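Contents: one structure, followed by commentary.
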Amino acid sequence: MKRTLITLGLVTLLLTAFACERREVGGTGGTTDSGGAILVGVYGDLSGQTSSFGESTRNGAQMAIDEINAAGGINGRKVQAVVEDDQGQPQQASTVVTKLINQDKVVAIIGEVASSNSLAAAPRAQEAKVPMITPSSTNPKVTQVGDYIFRVCFTDDFQGAVAAKFAANTLKAKKAAILGDFQSDYSKGMTQYFVQEFTGAGGQIVAQQSYTQTDADFKGQLTNIRAAAPDVIFVPGYYGQVGVIAKQAKELGITAPLLGGDGWDSPKLFELGGASLDGAYMVNHYSTDDPSPAVQKFVAAYKAKYGAVPDAIAALGYDAMNVLADAIRRAGTTESAKLRDAIAATKGFAGVTGSININESRDAVKPAVVFELRDRKLVYKETIQPPGAAAPAASPATTGASPVGAASPTANANAAEGGATGSGANTNTNANTSASPAR
Amino acid sequence: MDTFVQQLINGLTIGSIYALIALGYTMVYGILRLINFAHGDIYMLGAYSGYFIAHWFGFAGEPSMAGLAVTLVGSMVVAALIGMAIERFAYRPVRKYARMTTLITAIGVSLLLENLGVVIFGGAPRSFPEQLRNATYTLFGNAAISKTQLLIFGVSIALMLLLQWIVYRTKVGTAMRAVSFNLNSAKLMGINTDAIIVFTFALGSALAAAGGVLNAQYNPTIYPLMGIILGLKAFVAAVLGGIGNIPGAVLGGLLIGTAETLVVGYGQQVGIPSTYRDAVAFAILILVLLFRPAGLLGTTVQEKV
């Protein structure tokens with residue numbers, strides 16, 4: 001017995017030594033600028049409750065990588081994605097990002113979608129000084145983790161306010177009820193900014209309920225909401241629960257429209273909610289019906305490659321990868337501090353989801369699109385510009401660098417914005433299309 | 001008032017599902033004194049069987065009663081077979097050792113099924129096809145009951161009556177009760193105890209599958225880890241009612257379902273957030289066990305099935 005233990009101990013020691021040895025060998029990969037492919041870490045939920053987010057992000061990023069490589073790579077080097085699954089759990093997100101940094105030696109990281117997961121993983125990237133670009137985490141706290149954390153989407157202070165403005169101005173709602181996801185930072189942020197804006201506009205919050213992601217039944221909350229007789233129900237959650245909530249709300253005879261954000265965006269939403277979702281409204285990042293050539297080219301290419309219409313999450317994954325590629329190209333190196341500065345200097349990058357300007361808080365300032373859900377489709381309602389929107393800003397930094405938008409930097413009318421002026425909660429929205437009246 | 005009635009209906013719906021699953025826990029415990037931790041995962045497998053049956057036999061498109069019946073019965077049969085296989089290959093080989101061994105085996109089987117589910121079905125939630133054209137009936141005021149809820153009540157009550165009939169009116173039921181009194185004596189009386197145990201597992205698993213398919217009509221999201229929390233709550237329901245006692249499991253299920261829905265409905269007014277619904281279910285369990293350690297309907301006499 002004793003001998004067995006000693007042997008076991010020795011084997012363990014040897015294994016540890018080997019493991020360390022191997023790491024030492026690969027240790028310089030992260031900072032060298034010569035040789036093999038540029039490794040980019042992509043992490044997301046590929047097997048959990050929000051797995052369509054992870055799949056879309058991966059598909060979008062992979063498509064960008066394939067296009068970059070087909071065009072000769074970045075500064076002569078190919079790009080390769082290292083994909084990790086975090087099962088949609090914050091703890092796991094932190095673990096896989098640690099693995100991407102320490103084991104795979106990636107030069108930069110793309111992910112996550114759910115803000116709670118990004119918030120758990122971002123400190124690992126910040127500590128290791130590896131730039132992380134989240135394609136679609138909208139909670140403002142994510143990029144506040146540190147100066148290596150960026151995002152290419154708008155934030156919830158804008159998104160929540162857009163939803164509130166839409167409810168108050170277009171839907172003419174006076175009383176709103178909120179049904180939020182208790183566990184998600186995304187939902188909490190959205191709720192906070194929605195309440196701020198909606199009550200500021202003279203509206204009233206008549207019921208505020210929450211659920212947890214493991215809840216199997218939402219009728220208790222919905223019954224309370226029904227009793228409060230709201231004009232609109234704000235549901236800032238993820239598609240997995242929202243589909244069921246819509247179905248159960250219909251069963252209770254609730255007629256007030258549901259309103260939500262980009263967390264709804266998944267083909268699975270309609271599978272779960274079906275016809276119950278008709279007449280609901282959702283704030284999102286971009287519209288596949290946008291006639292701009294950049295968007296149409298992306299949608300067609302994505303359909304050809306994956307056989308599905310790209311949701312906003314996929315488009316943002318694509319944009320995040322292209323922003324990163326553009327930054328590496330401009331930095332001329334993958335050395336982390338220089339790469340970070342290059343990402344931070346991104347101005348007027350013509351992405352599929354609009355012009356991307358990284359501001360001083362490392363967020364992108366972009367317009368939001370509001371859709372009505374009808375017959376399992378997203379029907380475009382209006383575009384709401386971020387505060388301080390002005391004429392399109394052409395930046396010298398990225399001229400000709402974008403693989404998709406370079407040909408038509410101003411073709412996308414929705415992308416008109418001035419950039420770094422505003423990020424505050426005091427949102428000043430203006431619809432640029434004639435918004436249709438409330439139902 | 002109509003809000004209160006509505007919350008009661010909501011609570012009894014989810015409570016019926018808990019009750020169906022709790023029955024499996026309680027029956028297996030009654031016979032083997034084993035807490036079958038894999039039972040929540042059999043519920044999950046039942047829901048997935050229903051999903052595949054509905055798709056393979058073409059019942060996923062148009063809602064139809066026939067499709068629902070085939071899906072329900074089919075998934076119950078599949079789950080019964082799975083339950084029997086688990087008993088035969090996981091529990092029977094270790095039954096002769098200490099009870100703790102079987103208990104740990106049960107935890108192992110549970111983890112195995114969950115992770116196999118992730119590997120085979122993928123972890124992403126799937127959407128269970130709608131098999132009942134839904135309609136909502138207004139009772140009075142605003143209180144509404146949907147067809148799905150009526151279906152859940154109807155099928156649950158029918159299955160519980162059937163179970164009651166099997167246990168108290170049939171030969172195999174008598175044998176089950178004999179085994180639960182004393183396994184060795186039953187064996188000496190010429191009862192094929194192994195067969196009875198297998199039958200019990202099949203019965204419990206079929207009920208869990210019925211719960212899975214019914215609940216999927218109510219909440220169409222199915223995913224491999226869906227049985228963890230639900231299984232835990234059904235277990236609490238079984239203990240609350242008095243584990244080993246069949247009416248107790250039903251009572252416990254309905255109580256837990258109603259209590260947690262009322263917490264969601266009225267908790268906010270007394271300072272308990274709706275997200276504490278699970279905590280409240282467990283708090284009730286602790287309180288009841290403090291005063292009635294054998295559960296609400298449990299007795300210290302081993303009159304258990």
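Simple scheme: letters A, B, ... for chains in structure tokens order, numbers from 1 for residues in each chain, numbers from 1 for ligands in the order shown.
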
With 7 Å as the cut-off and only C-alpha atoms counted, what is the closest atom pair between each nearby residue of chain B and chain A? Distances in Å to one decimal, ordered by chain and number, as a Markdown table.
| residue | atom | partner | partner_atom | distance |
| --- | --- | --- | --- | --- |
| B:Thr3 | CA | A:Thr223 | CA | 6.6 |
| B:Gln6 | CA | A:Thr223 | CA | 7.0 |
| B:Gln7 | CA | A:Gly220 | CA | 6.0 |
| B:Asn10 | CA | A:Lys219 | CA | 6.3 |
| B:Gly122 | CA | A:Ser47 | CA | 6.2 |
| B:Gly123 | CA | A:Ser47 | CA | 4.1 |
| B:Ala124 | CA | A:Ser47 | CA | 5.0 |
| B:Pro125 | CA | A:Gln49 | CA | 5.9 |
| B:Ser127 | CA | A:Leu272 | CA | 5.5 |
| B:Thr136 | CA | A:Glu251 | CA | 5.9 |
| B:Ala144 | CA | A:Leu252 | CA | 6.0 |
| B:Ser146 | CA | A:Glu251 | CA | 6.1 |
| B:Asn219 | CA | A:Val244 | CA | 6.0 |
| B:Pro220 | CA | A:Leu272 | CA | 6.3 |
| B:Thr221 | CA | A:Leu272 | CA | 6.9 |
| B:Thr261 | CA | A:Gly220 | CA | 5.5 |
| B:Val264 | CA | A:Gly220 | CA | 5.6 |
| B:Gly265 | CA | A:Gly220 | CA | 5.5 |
| B:Ser274 | CA | A:Ser210 | CA | 6.4 |
| B:Thr275 | CA | A:Tyr211 | CA | 5.7 |

Q: Compile the contact shell of segment 45-50 of chain B as a ChimeraX atom specification: residues with an atom at most 6 Å away, counting only C-alpha atoms, same-chain residues fewer than 2 positions apart removed.
A: /B:42-43,52-54,71,75,79,209,212-213

Q: Find the residues around segment 55-64 of chain B up to 10 Å (only C-alpha atoms counted), leave out those fewer than 2 positions away in its own chain, and share them as a count of residues only.
A: 18

(Q) as an MDAnalysis selection string, please: the residues near Ala168 of chain A (cut-off 12 Å, only C-alpha atoms, same-chain neighbours under 4 positions excluded). (A) chainID A and resid 161:164 172:176 194:195 197:205 231:232 234 259 437:438

Export, as a PDB file, in the first residue's frame, the selected residues with N, CA and C atoms.
ATOM      1  N   ALA A 161     -32.588  52.421 -22.514  1.00  0.00           N
ATOM      2  CA  ALA A 161     -33.251  53.700 -22.749  1.00  0.00           C
ATOM      3  C   ALA A 161     -34.019  53.685 -24.062  1.00  0.00           C
ATOM      4  N   VAL A 162     -33.452  53.013 -25.083  1.00  0.00           N
ATOM      5  CA  VAL A 162     -34.139  52.904 -26.367  1.00  0.00           C
ATOM      6  C   VAL A 162     -35.468  52.180 -26.178  1.00  0.00           C
ATOM      7  N   ALA A 163     -35.425  51.079 -25.417  1.00  0.00           N
ATOM      8  CA  ALA A 163     -36.649  50.319 -25.173  1.00  0.00           C
ATOM      9  C   ALA A 163     -37.679  51.188 -24.457  1.00  0.00           C
ATOM     10  N   ALA A 164     -37.221  51.959 -23.461  1.00  0.00           N
ATOM     11  CA  ALA A 164     -38.134  52.810 -22.702  1.00  0.00           C
ATOM     12  C   ALA A 164     -38.721  53.904 -23.596  1.00  0.00           C
ATOM     13  N   LYS A 172     -46.867  54.560 -26.858  1.00  0.00           N
ATOM     14  CA  LYS A 172     -47.666  55.448 -26.000  1.00  0.00           C
ATOM     15  C   LYS A 172     -48.042  54.764 -24.683  1.00  0.00           C
ATOM     16  N   ALA A 173     -47.134  53.985 -24.151  1.00  0.00           N
ATOM     17  CA  ALA A 173     -47.418  53.269 -22.903  1.00  0.00           C
ATOM     18  C   ALA A 173     -47.229  54.202 -21.713  1.00  0.00           C
ATOM     19  N   LYS A 174     -48.147  54.108 -20.756  1.00  0.00           N
ATOM     20  CA  LYS A 174     -48.038  54.897 -19.533  1.00  0.00           C
ATOM     21  C   LYS A 174     -47.601  54.007 -18.366  1.00  0.00           C
ATOM     22  N   LYS A 175     -48.067  52.744 -18.421  1.00  0.00           N
ATOM     23  CA  LYS A 175     -47.765  51.824 -17.327  1.00  0.00           C
ATOM     24  C   LYS A 175     -46.974  50.639 -17.884  1.00  0.00           C
ATOM     25  N   ALA A 176     -45.832  50.376 -17.282  1.00  0.00           N
ATOM     26  CA  ALA A 176     -45.020  49.254 -17.747  1.00  0.00           C
ATOM     27  C   ALA A 176     -44.818  48.266 -16.605  1.00  0.00           C
ATOM     28  N   PHE A 194     -33.965  51.011 -18.144  1.00  0.00           N
ATOM     29  CA  PHE A 194     -35.333  51.120 -18.630  1.00  0.00           C
ATOM     30  C   PHE A 194     -36.167  51.921 -17.636  1.00  0.00           C
ATOM     31  N   VAL A 195     -36.057  51.556 -16.367  1.00  0.00           N
ATOM     32  CA  VAL A 195     -36.835  52.229 -15.321  1.00  0.00           C
ATOM     33  C   VAL A 195     -36.487  53.715 -15.287  1.00  0.00           C
ATOM     34  N   GLU A 197     -35.279  55.669 -17.595  1.00  0.00           N
ATOM     35  CA  GLU A 197     -35.753  56.424 -18.744  1.00  0.00           C
ATOM     36  C   GLU A 197     -37.283  56.495 -18.774  1.00  0.00           C
ATOM     37  N   PHE A 198     -37.916  55.381 -18.457  1.00  0.00           N
ATOM     38  CA  PHE A 198     -39.376  55.315 -18.571  1.00  0.00           C
ATOM     39  C   PHE A 198     -40.048  56.209 -17.530  1.00  0.00           C
ATOM     40  N   THR A 199     -39.561  56.152 -16.298  1.00  0.00           N
ATOM     41  CA  THR A 199     -40.149  57.009 -15.267  1.00  0.00           C
ATOM     42  C   THR A 199     -39.778  58.468 -15.535  1.00  0.00           C
ATOM     43  N   GLY A 200     -38.596  58.682 -16.110  1.00  0.00           N
ATOM     44  CA  GLY A 200     -38.177  60.038 -16.466  1.00  0.00           C
ATOM     45  C   GLY A 200     -39.111  60.646 -17.506  1.00  0.00           C
ATOM     46  N   ALA A 201     -39.634  59.787 -18.371  1.00  0.00           N
ATOM     47  CA  ALA A 201     -40.539  60.267 -19.421  1.00  0.00           C
ATOM     48  C   ALA A 201     -41.975  60.349 -18.922  1.00  0.00           C
ATOM     49  N   GLY A 202     -42.165  60.181 -17.620  1.00  0.00           N
ATOM     50  CA  GLY A 202     -43.502  60.321 -17.050  1.00  0.00           C
ATOM     51  C   GLY A 202     -44.265  59.016 -16.932  1.00  0.00           C
ATOM     52  N   GLY A 203     -43.629  57.913 -17.277  1.00  0.00           N
ATOM     53  CA  GLY A 203     -44.288  56.609 -17.173  1.00  0.00           C
ATOM     54  C   GLY A 203     -44.239  56.074 -15.760  1.00  0.00           C
ATOM     55  N   GLN A 204     -44.925  54.973 -15.580  1.00  0.00           N
ATOM     56  CA  GLN A 204     -45.027  54.404 -14.237  1.00  0.00           C
ATOM     57  C   GLN A 204     -44.724  52.914 -14.337  1.00  0.00           C
ATOM     58  N   ILE A 205     -43.941  52.396 -13.399  1.00  0.00           N
ATOM     59  CA  ILE A 205     -43.672  50.956 -13.359  1.00  0.00           C
ATOM     60  C   ILE A 205     -44.698  50.352 -12.403  1.00  0.00           C
ATOM     61  N   ASP A 231     -49.486  48.555 -19.795  1.00  0.00           N
ATOM     62  CA  ASP A 231     -49.649  48.774 -21.233  1.00  0.00           C
ATOM     63  C   ASP A 231     -48.601  48.002 -22.017  1.00  0.00           C
ATOM     64  N   VAL A 232     -47.473  47.753 -21.361  1.00  0.00           N
ATOM     65  CA  VAL A 232     -46.383  47.050 -22.024  1.00  0.00           C
ATOM     66  C   VAL A 232     -45.632  46.249 -20.959  1.00  0.00           C
ATOM     67  N   PHE A 234     -41.980  44.705 -20.153  1.00  0.00           N
ATOM     68  CA  PHE A 234     -40.569  44.693 -20.534  1.00  0.00           C
ATOM     69  C   PHE A 234     -39.934  43.408 -19.999  1.00  0.00           C
ATOM     70  N   LEU A 259     -41.826  43.460 -24.672  1.00  0.00           N
ATOM     71  CA  LEU A 259     -40.768  44.284 -25.248  1.00  0.00           C
ATOM     72  C   LEU A 259     -39.450  43.805 -24.660  1.00  0.00           C
ATOM     73  N   PRO A 437     -47.565  53.995 -35.592  1.00  0.00           N
ATOM     74  CA  PRO A 437     -48.207  54.185 -34.288  1.00  0.00           C
ATOM     75  C   PRO A 437     -48.405  52.863 -33.557  1.00  0.00           C
ATOM     76  N   ALA A 438     -48.715  52.974 -32.313  1.00  0.00           N
ATOM     77  CA  ALA A 438     -48.935  51.775 -31.504  1.00  0.00           C
ATOM     78  C   ALA A 438     -50.115  50.992 -32.058  1.00  0.00           C
TER      79      ALA A 438
END

Q: To one decimal in Å, tell me the separation between atom CA of Asn139 of chain A and atom CA of Ser187 of chain A.
A: 8.5 Å

Q.
One number please: atom CA of Val73 of chain B to atom CA of Ser205 of chain B, in Å, one decimal.
A. 12.1 Å

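Coordinates place atom CA of Gly189 of chain A at a distance of 22.1 Å from atom CA of Gln126 of chain A.
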
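When the distance limit is 8 Å and only C-alpha atoms are what count, the residues near Phe201 of chain B, minus those fewer than 4 positions from it on the same chain, are B:Gly24, B:Val28, B:Ala80, B:Gly83, B:Met84, B:Glu87, B:Ile197, B:Ser205.
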
Q.
I want to know what sits within 8 Å of segment 105-113 of chain B, based on only C-alpha atoms, with residues of the same chain fewer than 3 positions away left out; could you give that as a ChimeraX atom specification?
A. /B:35-41,86,90-91,101-102,116-117
